[in-house]
Amino acid sequence: MTTTATPNLNGVDVPTLFATLDAVKAQNEIADFQFRASNTWVNGTHSRTTFSGFYGAGQEMLHKGTTVVDADHPEVLVAADNAPTAAEYLLHAIAACLTSGIANIAAVRGVELSKVTSRVEGDIDLLGILGLSDGSVRNGYRQIKVTFEIEGDADAETLRGIVEQSRRRSAVYDALTNPTPVVIDVVTP
């Protein structure tokens with residue numbers, strides 16, 4: 001695969017991106033990845049998640065560094081508000097996934113970005129989570145809305161097309177908009 005894009009555009013190493021695409025095209029099995037997180041309860045609704053290793057490109061791998069994030073509920077929900085809620089992290093996940101896609105796609109298309117910001121809003125009715133509904137109120141978000149402000153050296157139609165292509169290729173968007181099987185195992189002493 002060849003490209004006329006700048007070798008490093010928007011912080012994206014375009015030749016390496018194309019080399020990765022070529023490698024996966026030639027050897028599909030290296031496309032199988034498994035990301036992992038390890039969570040531990042701290043107290044109340046406060047828990048801590050660690051991200052360090054994953055499986056990818058046919059081997060076990062480690063991130064450059066371990067990332068630790070906390071989750072909690074706000075005081076209005078009778079908690080200590082030590083961190084964002086798990087549902088708020090989902091908003092971060094969709095924004096981060098779409099934004100990284102935008103950077104990659106723009107770089108491949110030779111578009112230099114000068115600004116990409118987003119606002120993500122998730123509407124949720126706590127009657128479902130709190131068990132105060134007759135079952136008609138879902139536990140999760142009713143709707144998530146992502147609004148992008150994007151600027152670069154391309155016209156508005158091209159910039160909108162970059163965002164749309166990112167949406168079509170986003171793993172997080174796909175997981176949120178299509179049923180994803182979730183298996184829960186319980187281990188007790």
# chains A, B, ... in the order shown; residues from 1 in each chain; ligands from 1
$ select_by_dssp --residues "region 7-185 of chain A" --states "helix (DSSP H, G or I)" --output "ChimeraX atom specification"
/A:14-26,28-31,75-77,86-108,126-129,156-169,171-177
$ write_last_selection --atoms "C-alpha atoms" --output "mmCIF file, in the first residue's frame"
data_model
loop_
_atom_site.group_PDB
_atom_site.id
_atom_site.type_symbol
_atom_site.label_atom_id
_atom_site.label_comp_id
_atom_site.auth_asym_id
_atom_site.auth_seq_id
_atom_site.Cartn_x
_atom_site.Cartn_y
_atom_site.Cartn_z
ATOM 1 C CA VAL A 14 1.737 7.129 8.579
ATOM 2 C CA PRO A 15 4.327 4.737 7.046
ATOM 3 C CA THR A 16 4.174 2.513 10.137
ATOM 4 C CA LEU A 17 0.367 2.640 10.066
ATOM 5 C CA PHE A 18 0.388 1.423 6.453
ATOM 6 C CA ALA A 19 3.018 -1.227 7.278
ATOM 7 C CA THR A 20 0.733 -2.489 10.052
ATOM 8 C CA LEU A 21 -2.230 -2.622 7.666
ATOM 9 C CA ASP A 22 -0.112 -4.564 5.146
ATOM 10 C CA ALA A 23 1.098 -6.996 7.836
ATOM 11 C CA VAL A 24 -2.448 -7.697 9.048
ATOM 12 C CA LYS A 25 -3.690 -8.085 5.477
ATOM 13 C CA ALA A 26 -0.953 -10.655 4.825
ATOM 14 C CA ASN A 28 -5.009 -12.062 9.399
ATOM 15 C CA GLU A 29 -4.431 -14.040 12.614
ATOM 16 C CA ILE A 30 -2.305 -11.211 14.072
ATOM 17 C CA ALA A 31 -5.452 -9.076 14.135
ATOM 18 C CA GLU A 75 -22.064 12.241 46.926
ATOM 19 C CA VAL A 76 -25.621 12.814 45.685
ATOM 20 C CA LEU A 77 -25.754 9.029 45.162
ATOM 21 C CA ALA A 86 -18.111 3.814 35.460
ATOM 22 C CA ALA A 87 -20.847 5.197 33.195
ATOM 23 C CA GLU A 88 -18.821 8.410 32.772
ATOM 24 C CA TYR A 89 -15.776 6.377 31.722
ATOM 25 C CA LEU A 90 -17.936 5.001 28.929
ATOM 26 C CA LEU A 91 -18.332 8.584 27.670
ATOM 27 C CA HIS A 92 -14.554 8.954 27.750
ATOM 28 C CA ALA A 93 -14.175 5.674 25.857
ATOM 29 C CA ILE A 94 -16.395 6.732 22.942
ATOM 30 C CA ALA A 95 -14.746 10.171 22.711
ATOM 31 C CA ALA A 96 -11.217 8.748 22.873
ATOM 32 C CA CYS A 97 -11.930 6.010 20.317
ATOM 33 C CA LEU A 98 -13.507 8.405 17.812
ATOM 34 C CA THR A 99 -10.772 11.009 18.314
ATOM 35 C CA SER A 100 -7.941 8.535 17.725
ATOM 36 C CA GLY A 101 -9.694 7.355 14.578
ATOM 37 C CA ILE A 102 -10.050 10.939 13.379
ATOM 38 C CA ALA A 103 -6.309 11.555 13.842
ATOM 39 C CA ASN A 104 -5.365 8.377 11.957
ATOM 40 C CA ILE A 105 -7.830 8.866 9.107
ATOM 41 C CA ALA A 106 -6.940 12.537 8.642
ATOM 42 C CA ALA A 107 -3.225 11.673 8.546
ATOM 43 C CA VAL A 108 -3.769 8.949 5.936
ATOM 44 C CA LEU A 126 -31.674 6.233 37.591
ATOM 45 C CA LEU A 127 -35.094 4.615 38.119
ATOM 46 C CA GLY A 128 -33.735 1.606 36.228
ATOM 47 C CA ILE A 129 -30.463 1.281 38.154
ATOM 48 C CA ALA A 156 -16.058 21.119 5.962
ATOM 49 C CA GLU A 157 -17.309 18.193 3.856
ATOM 50 C CA THR A 158 -13.934 16.427 4.058
ATOM 51 C CA LEU A 159 -13.705 16.990 7.825
ATOM 52 C CA ARG A 160 -17.243 15.626 8.301
ATOM 53 C CA GLY A 161 -16.270 12.623 6.170
ATOM 54 C CA ILE A 162 -13.254 11.947 8.392
ATOM 55 C CA VAL A 163 -15.476 11.941 11.486
ATOM 56 C CA GLU A 164 -17.987 9.663 9.741
ATOM 57 C CA GLN A 165 -15.276 7.185 8.707
ATOM 58 C CA SER A 166 -14.002 7.179 12.292
ATOM 59 C CA ARG A 167 -17.535 6.395 13.501
ATOM 60 C CA ARG A 168 -17.813 3.492 11.036
ATOM 61 C CA ARG A 169 -14.486 2.006 12.238
ATOM 62 C CA ALA A 171 -14.635 -0.379 18.218
ATOM 63 C CA VAL A 172 -16.323 1.476 21.076
ATOM 64 C CA TYR A 173 -19.108 2.851 18.872
ATOM 65 C CA ASP A 174 -19.677 -0.675 17.581
ATOM 66 C CA ALA A 175 -19.798 -2.152 21.103
ATOM 67 C CA LEU A 176 -22.307 0.499 22.187
ATOM 68 C CA THR A 177 -24.599 0.229 19.173
#
$ residues_around --residues "Val78 (chain A)" --least-positions-apart "4" --cutoff "9 Å" --atoms "only C-alpha atoms" --output "list in words"
Thr45, His73 and Pro74 of chain A
$ write_last_selection --atoms "N, CA, C and O atoms" --output "short mmCIF file (atom, residue, chain, number, x, y, z; two decimals), in the first residue's frame"
data_model
loop_
_atom_site.label_atom_id
_atom_site.label_comp_id
_atom_site.auth_asym_id
_atom_site.auth_seq_id
_atom_site.Cartn_x
_atom_site.Cartn_y
_atom_site.Cartn_z
N THR A 45 -18.72 2.40 47.02
CA THR A 45 -18.84 2.24 45.56
C THR A 45 -17.52 2.54 44.85
O THR A 45 -17.47 2.58 43.62
N HIS A 73 -19.07 6.76 42.84
CA HIS A 73 -20.31 7.47 42.57
C HIS A 73 -20.23 8.82 43.27
O HIS A 73 -19.50 8.97 44.25
N PRO A 74 -20.99 9.81 42.82
CA PRO A 74 -20.97 11.12 43.46
C PRO A 74 -21.69 11.10 44.81
O PRO A 74 -22.44 10.17 45.12
#
$ select_by_dssp --residues "chain A" --states "strand (DSSP E or B)" --output "VMD selection string"
chain A and resid 8 to 9 12 to 13 34 to 35 38 to 43 46 to 56 59 to 71 113 to 123 143 to 152
$ residues_around --residues "region 50-60 of chain A" --least-positions-apart "5" --cutoff "8 Å" --atoms "only C-alpha atoms" --output "PDB file with N, CA and C atoms, in the first residue's frame"
ATOM      1  N   GLU A  29      -4.382 -13.573  11.228  1.00  0.00           N
ATOM      2  CA  GLU A  29      -4.431 -14.040  12.614  1.00  0.00           C
ATOM      3  C   GLU A  29      -3.787 -13.060  13.596  1.00  0.00           C
ATOM      4  N   ILE A  30      -2.914 -12.178  13.140  1.00  0.00           N
ATOM      5  CA  ILE A  30      -2.305 -11.211  14.072  1.00  0.00           C
ATOM      6  C   ILE A  30      -3.266 -10.083  14.427  1.00  0.00           C
ATOM      7  N   ALA A  31      -4.440 -10.089  13.818  1.00  0.00           N
ATOM      8  CA  ALA A  31      -5.452  -9.076  14.135  1.00  0.00           C
ATOM      9  C   ALA A  31      -6.237  -9.414  15.395  1.00  0.00           C
ATOM     10  N   ASP A  32      -6.099 -10.645  15.914  1.00  0.00           N
ATOM     11  CA  ASP A  32      -6.820 -11.030  17.127  1.00  0.00           C
ATOM     12  C   ASP A  32      -6.147 -10.435  18.362  1.00  0.00           C
ATOM     13  N   PHE A  33      -6.860  -9.581  19.053  1.00  0.00           N
ATOM     14  CA  PHE A  33      -6.367  -8.927  20.268  1.00  0.00           C
ATOM     15  C   PHE A  33      -7.302  -9.245  21.422  1.00  0.00           C
ATOM     16  N   GLN A  34      -6.774  -9.218  22.630  1.00  0.00           N
ATOM     17  CA  GLN A  34      -7.582  -9.312  23.836  1.00  0.00           C
ATOM     18  C   GLN A  34      -7.063  -8.261  24.804  1.00  0.00           C
ATOM     19  N   PHE A  35      -7.895  -7.244  25.063  1.00  0.00           N
ATOM     20  CA  PHE A  35      -7.525  -6.228  26.041  1.00  0.00           C
ATOM     21  C   PHE A  35      -8.050  -6.655  27.399  1.00  0.00           C
ATOM     22  N   ARG A  36      -7.356  -6.260  28.451  1.00  0.00           N
ATOM     23  CA  ARG A  36      -7.702  -6.719  29.798  1.00  0.00           C
ATOM     24  C   ARG A  36      -7.657  -5.575  30.805  1.00  0.00           C
ATOM     25  N   ALA A  37      -8.471  -5.716  31.814  1.00  0.00           N
ATOM     26  CA  ALA A  37      -8.479  -4.790  32.941  1.00  0.00           C
ATOM     27  C   ALA A  37      -8.673  -5.613  34.203  1.00  0.00           C
ATOM     28  N   SER A  38      -8.045  -5.204  35.277  1.00  0.00           N
ATOM     29  CA  SER A  38      -8.184  -5.880  36.562  1.00  0.00           C
ATOM     30  C   SER A  38      -8.724  -4.871  37.566  1.00  0.00           C
ATOM     31  N   ASN A  39      -9.870  -5.192  38.169  1.00  0.00           N
ATOM     32  CA  ASN A  39     -10.541  -4.255  39.067  1.00  0.00           C
ATOM     33  C   ASN A  39     -10.583  -4.808  40.485  1.00  0.00           C
ATOM     34  N   GLY A  65       3.595   1.495  30.289  1.00  0.00           N
ATOM     35  CA  GLY A  65       3.437   1.695  31.728  1.00  0.00           C
ATOM     36  C   GLY A  65       2.078   1.191  32.174  1.00  0.00           C
ATOM     37  N   THR A  66       1.960   0.914  33.453  1.00  0.00           N
ATOM     38  CA  THR A  66       0.686   0.489  34.018  1.00  0.00           C
ATOM     39  C   THR A  66      -0.177   1.729  34.262  1.00  0.00           C
ATOM     40  N   THR A  67      -1.446   1.640  33.904  1.00  0.00           N
ATOM     41  CA  THR A  67      -2.384   2.736  34.141  1.00  0.00           C
ATOM     42  C   THR A  67      -3.380   2.290  35.195  1.00  0.00           C
ATOM     43  N   VAL A  68      -3.614   3.153  36.172  1.00  0.00           N
ATOM     44  CA  VAL A  68      -4.565   2.869  37.239  1.00  0.00           C
ATOM     45  C   VAL A  68      -5.617   3.976  37.238  1.00  0.00           C
ATOM     46  N   VAL A  69      -6.877   3.577  37.214  1.00  0.00           N
ATOM     47  CA  VAL A  69      -7.969   4.548  37.285  1.00  0.00           C
ATOM     48  C   VAL A  69      -8.955   4.110  38.354  1.00  0.00           C
TER      49      VAL A  69
END
$ residues_around --residues "Val42 (chain A)" --least-positions-apart "4" --cutoff "12 Å" --atoms "only C-alpha atoms" --output "list of chain:residue names"
A:His46, A:Ser47, A:Arg48, A:Thr49, A:Val69, A:Asp70, A:Ala71, A:Asp72, A:Ala80, A:Asn82
$ residues_around --residues "Lys145 (chain A)" --least-positions-apart "4" --cutoff "9 Å" --atoms "only C-alpha atoms" --output "list in words"
Arg119, Val120, Glu121, Gly122 and Asp123 of chain A
$ write_last_selection --atoms "N, CA, C and O atoms" --output "PDB file, in the first residue's frame"
ATOM      1  N   ARG A 119     -17.658  17.065  22.862  1.00  0.00           N
ATOM      2  CA  ARG A 119     -18.467  17.091  24.073  1.00  0.00           C
ATOM      3  C   ARG A 119     -19.352  15.866  23.999  1.00  0.00           C
ATOM      4  O   ARG A 119     -20.012  15.625  22.990  1.00  0.00           O
ATOM      5  N   VAL A 120     -19.324  15.072  25.069  1.00  0.00           N
ATOM      6  CA  VAL A 120     -20.100  13.838  25.099  1.00  0.00           C
ATOM      7  C   VAL A 120     -21.099  13.934  26.239  1.00  0.00           C
ATOM      8  O   VAL A 120     -20.736  14.241  27.376  1.00  0.00           O
ATOM      9  N   GLU A 121     -22.355  13.693  25.914  1.00  0.00           N
ATOM     10  CA  GLU A 121     -23.427  13.743  26.909  1.00  0.00           C
ATOM     11  C   GLU A 121     -24.170  12.423  26.900  1.00  0.00           C
ATOM     12  O   GLU A 121     -24.520  11.906  25.831  1.00  0.00           O
ATOM     13  N   GLY A 122     -24.394  11.872  28.074  1.00  0.00           N
ATOM     14  CA  GLY A 122     -25.147  10.635  28.203  1.00  0.00           C
ATOM     15  C   GLY A 122     -26.352  10.834  29.096  1.00  0.00           C
ATOM     16  O   GLY A 122     -26.206  11.254  30.243  1.00  0.00           O
ATOM     17  N   ASP A 123     -27.530  10.564  28.557  1.00  0.00           N
ATOM     18  CA  ASP A 123     -28.781  10.712  29.316  1.00  0.00           C
ATOM     19  C   ASP A 123     -29.149   9.370  29.932  1.00  0.00           C
ATOM     20  O   ASP A 123     -29.254   8.361  29.235  1.00  0.00           O
TER      21      ASP A 123
END
$ atom_distance --atom1 "CA of Asp125 (chain A)" --atom2 "CA of Thr40 (chain A)"
26.7 Å
$ residues_around --residues "Thr117 (chain A)" --least-positions-apart "6" --cutoff "10 Å" --atoms "only C-alpha atoms" --output "short mmCIF file (atom, residue, chain, number, x, y, z; two decimals) with C-alpha atoms, in the first residue's frame"
data_model
loop_
_atom_site.label_atom_id
_atom_site.label_comp_id
_atom_site.auth_asym_id
_atom_site.auth_seq_id
_atom_site.Cartn_x
_atom_site.Cartn_y
_atom_site.Cartn_z
CA ALA A 95 -14.75 10.17 22.71
CA THR A 99 -10.77 11.01 18.31
CA THR A 147 -20.54 16.71 19.27
CA PHE A 148 -17.23 17.35 17.52
CA GLU A 149 -15.57 20.65 16.76
CA ILE A 150 -12.93 19.92 14.14
CA GLU A 151 -10.62 22.21 12.19
#
$ closest_residue --among "A:Gly110, A:Lys64, A:Ala79, A:Arg138" --to "Pro7 (chain A)" --atoms "only C-alpha atoms"
A:Gly110
$ atom_distance --atom1 "CA of Val186 (chain A)" --atom2 "CA of Trp41 (chain A)"
14.9 Å
